[in-house]
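**Q** Below are the structure tokens for one structure; questions will follow.
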Amino acid sequence: RLWSLEMHNDVVFYIPVHSNFSQIENSEAFLTRFPAKIFLYKWNSDANKMKQYYISRSQGEGGRVSVFEFNLDTVLGELSREVMPVVVLLSASTNYGFGRSQMQLFAHIKDLFPNKVRDVFSIGHCMYGCESCGLREHNVPIFFTRYFSGALPYTRQSLEGHYFPHPSSSPRVLVCPSVGDKSFLSRTDIVDALVAAKRQGHPALGQALLKLHGFCYMDDSDQRPHPLSGLTLTERRNAKALAQAFPFVEESHHNILPFLEMCDIVIGDVDSSVCFESLYFPKNTILAYQATTSSSSAPSSDAPYLSLLNLFMSPAELLSLLQQEGGERQPHVVGASGRAFFEEKYGVVKGDEVDRLVESRGWLVPLTSGDYASASDVGGLTRTLKQKMRIGDTNETPLDYLARGDDIPAELVEYTLFLQAHIVQLEGRAVPPTLWRKLYSKVVPEIFDAGNVFMLAQEEHEDEKEEDEDDEEDDGGDDQEEADDDGDDADEDEDEDDSESDPVAVPRSNTQRRLVVVKEGGLAPLEDIFLVDHAWSTTTMDAREQLDTHQGLAQRLKSMMEIDDQEVSGSGLNELVLAEQWRWNMTYRLGGGSSDPVAVWYIMDEVGSACSHSDYPNFACVPFYYLTKGISYSIMWPIKGAGEGDQVTRDFLADVKVYQPGVEPVMLGPGDHVPAIQRQARLCIYHNIHEEEHAHMDAMLQAYLDKLASVIPLEIKTTIIPALLSPSRDSGALKVWTDLDLVKKNLTWARFTITENHEDSAIMWFAYDTPDGPKPAHHQMVNAFDNEQCITFKHRLNETVQTILGTPSWMPLTFNLGTHTPEFIAQYRRHQASGADNTWIVKPWNAARGQDIIVSRDLAQLVRQQEGGPRLVSKYVHRPCLYEGRKFDLRYIVIAKSTYPEPEVYAFKMFWIRLANQPFSLDSFDHYEKHFTVMNYSKFKMQQLLYTDFIKNIEAQYPGVSWSVVQGKINHMMKAVIKAASVRPPPDGIGRTHTQRTMFGFDVMVDDQFQPVLVECNYSPDCTRACNYDPDFYNKIFSVLFTDDWMENQSIR
């Protein structure tokens, strides 16, 4: 550590300070060599603390460090008087918005002093591993310079005497969480486990020391919060809990390197630079928390780096790593490979990092006489700078004001909060950023100014048009001929234009109202944005009740929809409105997070509803939910020029584009590109289409049906084949890892034992089929088949059955609306023409609990459901078997032990009956309790019925029916589904495997001929009711799936 501390006066460093000790170490290395001027932001809640620190430092350095309050006048004044070259060092990382605003500010200042300001350099404040890392800017380990040179105001020896005064055989452990959602500080379960282990005297934590992130020391009280930091309530709670349980490092000992040197074990986060810095010390053992959420940072996907760490994701994994002797996981030390990785990223630490950086950036070139040009008019410099930066421009952000040290205007604060709350909506719905502020200025005070720009106009009826034409002919043929000539010339001009430049409005069938621009001079593209109110917002299940309850609503909607029948009123009018709404409404989804999103259907007011459709519209129109007041509007803006008198048009299917010929779409759904006929089919519900288009769709349907009919179904055998690979009955207790509490509670037989260490388990049982969480090894049995989505997603189930089995009697005729809307419309028209029942049910591709399912005979309602997401439409079972007059379906628990060489499938003998609450009739399809049976997730009561009672009563209700015969058909159907899934390898099927097992929940209906009808197949069904009925449910399930012992147990058989 022989390093010259020779002081230089060839350059002065300007250092803006916006934080506390957590971000000063990189700049501190320069202060030991060069004079500096510190500029403290007044909004920094730790400004006074940092002021005292730098004043004390200045006194120790003989006045070589000066301290100022940051403002533009002060900075520019100091620069104008400066006699040395200036380098601006920014500790704020340009990976963040504030750092970029700061960099932009000083770049403009450099332009005012092009020779005097040698450089504006972001030194960063972290190293590899942190999102703030400035590796791309310097990759020189300046953070290590003072530590390596012995220039820190404290040493390892002084710290050992302070924090570890008594000898101990326990390892020294440094607990140092970062902050943010990828730190274990946000994991209360991990923090609580650490605190409990410490208080219970865990041997590895006898000499544990806590070093919190600098933000945890920051004075960000409610009276003066720091604008750039802010811990969540969870982080505050967890930091406090750790500080109460562990001795912690004082804030003034901000450099972590001496602590890393003297400790044996470091507990940190993968997404933090602490773990990377620990690699410099070969004896360290690094326990690094890896968040289950995806991370864009390089370390999270850097396999060589991760291999140097001991990763944990749960409290159990952390405690296992801390168990030094006899633990399930033995952690490894960093070793020489850790230091080598460090040096590969940053180079060898020598203590000369400042010199290397200064030389490489050319900072020591002295000023010439011409460089001393100064300005006595600091105010003039400030004005020039503000003019250059267009300060006060509407595009400025609060970070721009903070970077300048200015107070943020209250209106900008409110606008920024508005953007933070609505940015996902605005970007997701492609609202141009240039219109965001204008939208804000209208939505907050609720300014509806469309009436100043647009006017409702009425289309002429055909007979009125004919009368006008006759009058024109009578009044002047010569003038008319001249007008016709002018029209021909106009047509020739139009032919030269791009076809998209002249939108053709397509009104809804039987409507005359339209919206036209009346503003003088018209509207330019993106000139303005308009707020449109909603006349009615509802859900499918609430619409009827709202019309019944709110007087006058139906009459208003009748007028807007131009329903001609003047005599209809009351319930008859409500029925007309309910049917007609699907040619007028639009939709958005509300909710998410802990609640399931709900599809909200709304009808815009008279202005919005008067917009006609065009494939080449001149306006865009999207829904907008104002979170502050909980109110939904629509917003519309011109996307093309609209002249005075032009009709306003929008695209009713703006998210559905026609793909280019020869380019097949990867996936079809909202926002994707579809074949032209698919888009045309969806638009036909708004207006009449030509018969040739109907003929085209009918031909597509016939080809679809012919293809299904050509499939030769597989032969399904029902013999039971013993499992080929099962642990022998002599292998002892099988260790089971699971994230499902129901299994932990109910798996009680001695044949199995629960473990918290997934790596040590023989069986891994997951609650959900997600990519997150621990990954099973090749030798571990797991409750999931590869690509089992081929039957657990409704659209994939339909595709699997149709491809392998064709049209089995138990599978209703089904169409994927994302790809086969034309075929469905043609099938609907066939039913309509023949008088066949035309009741259909629409379901989301992948949703549960009866969510977003509708039953209807209305073509427009059926087709438009896909606007809320991908949908299937299936023929409704209009003649179901009824239990005491009510609909029912059955939930079967089916376990698949193997698909090789033949599926080995078992059904739990007990099944669950789900009953509708009201008598069935083929009407009032929005009556949930009549047509739906899933009550346990709804507001309605649920009737419990034991399967044995159901069988007894159904056989009594239908003499001559033997349930055992019906059950045989159901068993055959469920076996056929899994057989069909196993025929093809992934990604089309689950393939043939004997190393995986799984459990499905099959939902089945029975029609009035006692034939089974498949509803759906679910992964990892909720078995709470099964466990309540039979506490040994999971014991039996696991015995069948994972052992052969059950063969000898009659109760299980």
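Here, A, B, ... name the chains of the structure tokens in the order displayed, residue numbers run from 1 inside each chain, and ligands are numbered from 1 in the same displayed order.
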As a count of residues only, list the residues of stretch 529-696 of chain A assigned to helix (DSSP H, G or I) by DSSP on the backbone atoms of this structure.
**A** 47
**Q** Leaving out A:Arg339 and any residue of its chain fewer than 3 positions from it, which residues lie within 8 Å of it when counting only C-alpha atoms, given as an MDAnalysis selection string?
**A** chainID A and resid 279:282 334:336 342:343
**Q** For A:Tyr346, which residue among A:Val140, A:Leu205, A:Ala695, A:Ala681 is the nearest when counting only C-alpha atoms?
**A** A:Val140
**Q** Find the residues near A:Ser278: any atom within 12 Å, counting only C-alpha atoms, skip ones fewer than 6 places away on the same chain, and give them as a PyMOL selection string.
**A** chain A and resi 127-129+144+174+176+256-270+272+284-288+305+308-309+333-336+338-339+341-342
**Q** A:Leu159: which residues within 10 Å, counting only C-alpha atoms, same-chain residues fewer than 4 positions away excluded, as a ChimeraX atom specification?
**A** /A:154-155,163-165,249,253,258-259,262
**Q** Could you please take those selected residues and save N, CA and C atoms as a PDB file, in the first residue's frame?
**A**
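Okay, result.pdb is ready:
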```
ATOM      1  N   TYR A 154     -10.837   5.151   9.140  1.00  0.00           N
ATOM      2  CA  TYR A 154     -10.876   4.032  10.083  1.00  0.00           C
ATOM      3  C   TYR A 154     -10.235   2.828   9.405  1.00  0.00           C
ATOM      4  N   THR A 155      -9.804   1.879  10.226  1.00  0.00           N
ATOM      5  CA  THR A 155      -9.131   0.694   9.705  1.00  0.00           C
ATOM      6  C   THR A 155      -9.865  -0.554  10.153  1.00  0.00           C
ATOM      7  N   TYR A 163     -16.493  -3.264  17.081  1.00  0.00           N
ATOM      8  CA  TYR A 163     -17.663  -4.119  16.859  1.00  0.00           C
ATOM      9  C   TYR A 163     -17.481  -5.556  17.357  1.00  0.00           C
ATOM     10  N   PHE A 164     -16.256  -6.028  17.440  1.00  0.00           N
ATOM     11  CA  PHE A 164     -16.007  -7.390  17.902  1.00  0.00           C
ATOM     12  C   PHE A 164     -14.953  -7.362  19.013  1.00  0.00           C
ATOM     13  N   PRO A 165     -15.282  -6.784  20.176  1.00  0.00           N
ATOM     14  CA  PRO A 165     -14.260  -6.594  21.229  1.00  0.00           C
ATOM     15  C   PRO A 165     -13.863  -7.882  21.926  1.00  0.00           C
ATOM     16  N   VAL A 249     -23.981  -1.308  12.163  1.00  0.00           N
ATOM     17  CA  VAL A 249     -22.866  -0.424  11.826  1.00  0.00           C
ATOM     18  C   VAL A 249     -23.339   1.023  11.855  1.00  0.00           C
ATOM     19  N   HIS A 253     -19.413   4.947   9.358  1.00  0.00           N
ATOM     20  CA  HIS A 253     -18.559   3.877   8.821  1.00  0.00           C
ATOM     21  C   HIS A 253     -19.188   3.370   7.528  1.00  0.00           C
ATOM     22  N   PRO A 258     -13.810  -2.641   4.726  1.00  0.00           N
ATOM     23  CA  PRO A 258     -13.162  -3.211   5.914  1.00  0.00           C
ATOM     24  C   PRO A 258     -14.031  -4.255   6.603  1.00  0.00           C
ATOM     25  N   PHE A 259     -15.332  -4.097   6.528  1.00  0.00           N
ATOM     26  CA  PHE A 259     -16.232  -5.078   7.139  1.00  0.00           C
ATOM     27  C   PHE A 259     -16.223  -6.380   6.353  1.00  0.00           C
ATOM     28  N   MET A 262     -13.041  -8.301   7.316  1.00  0.00           N
ATOM     29  CA  MET A 262     -12.917  -8.934   8.634  1.00  0.00           C
ATOM     30  C   MET A 262     -14.030  -9.937   8.923  1.00  0.00           C
TER      31      MET A 262
END
```
**Q** Neighbours of A:Gly630 within 12 Å (only C-alpha atoms; same-chain residues fewer than 3 positions away dropped), as an MDAnalysis selection string?
**A** chainID A and resid 421 443:444 590:591 624:627 633
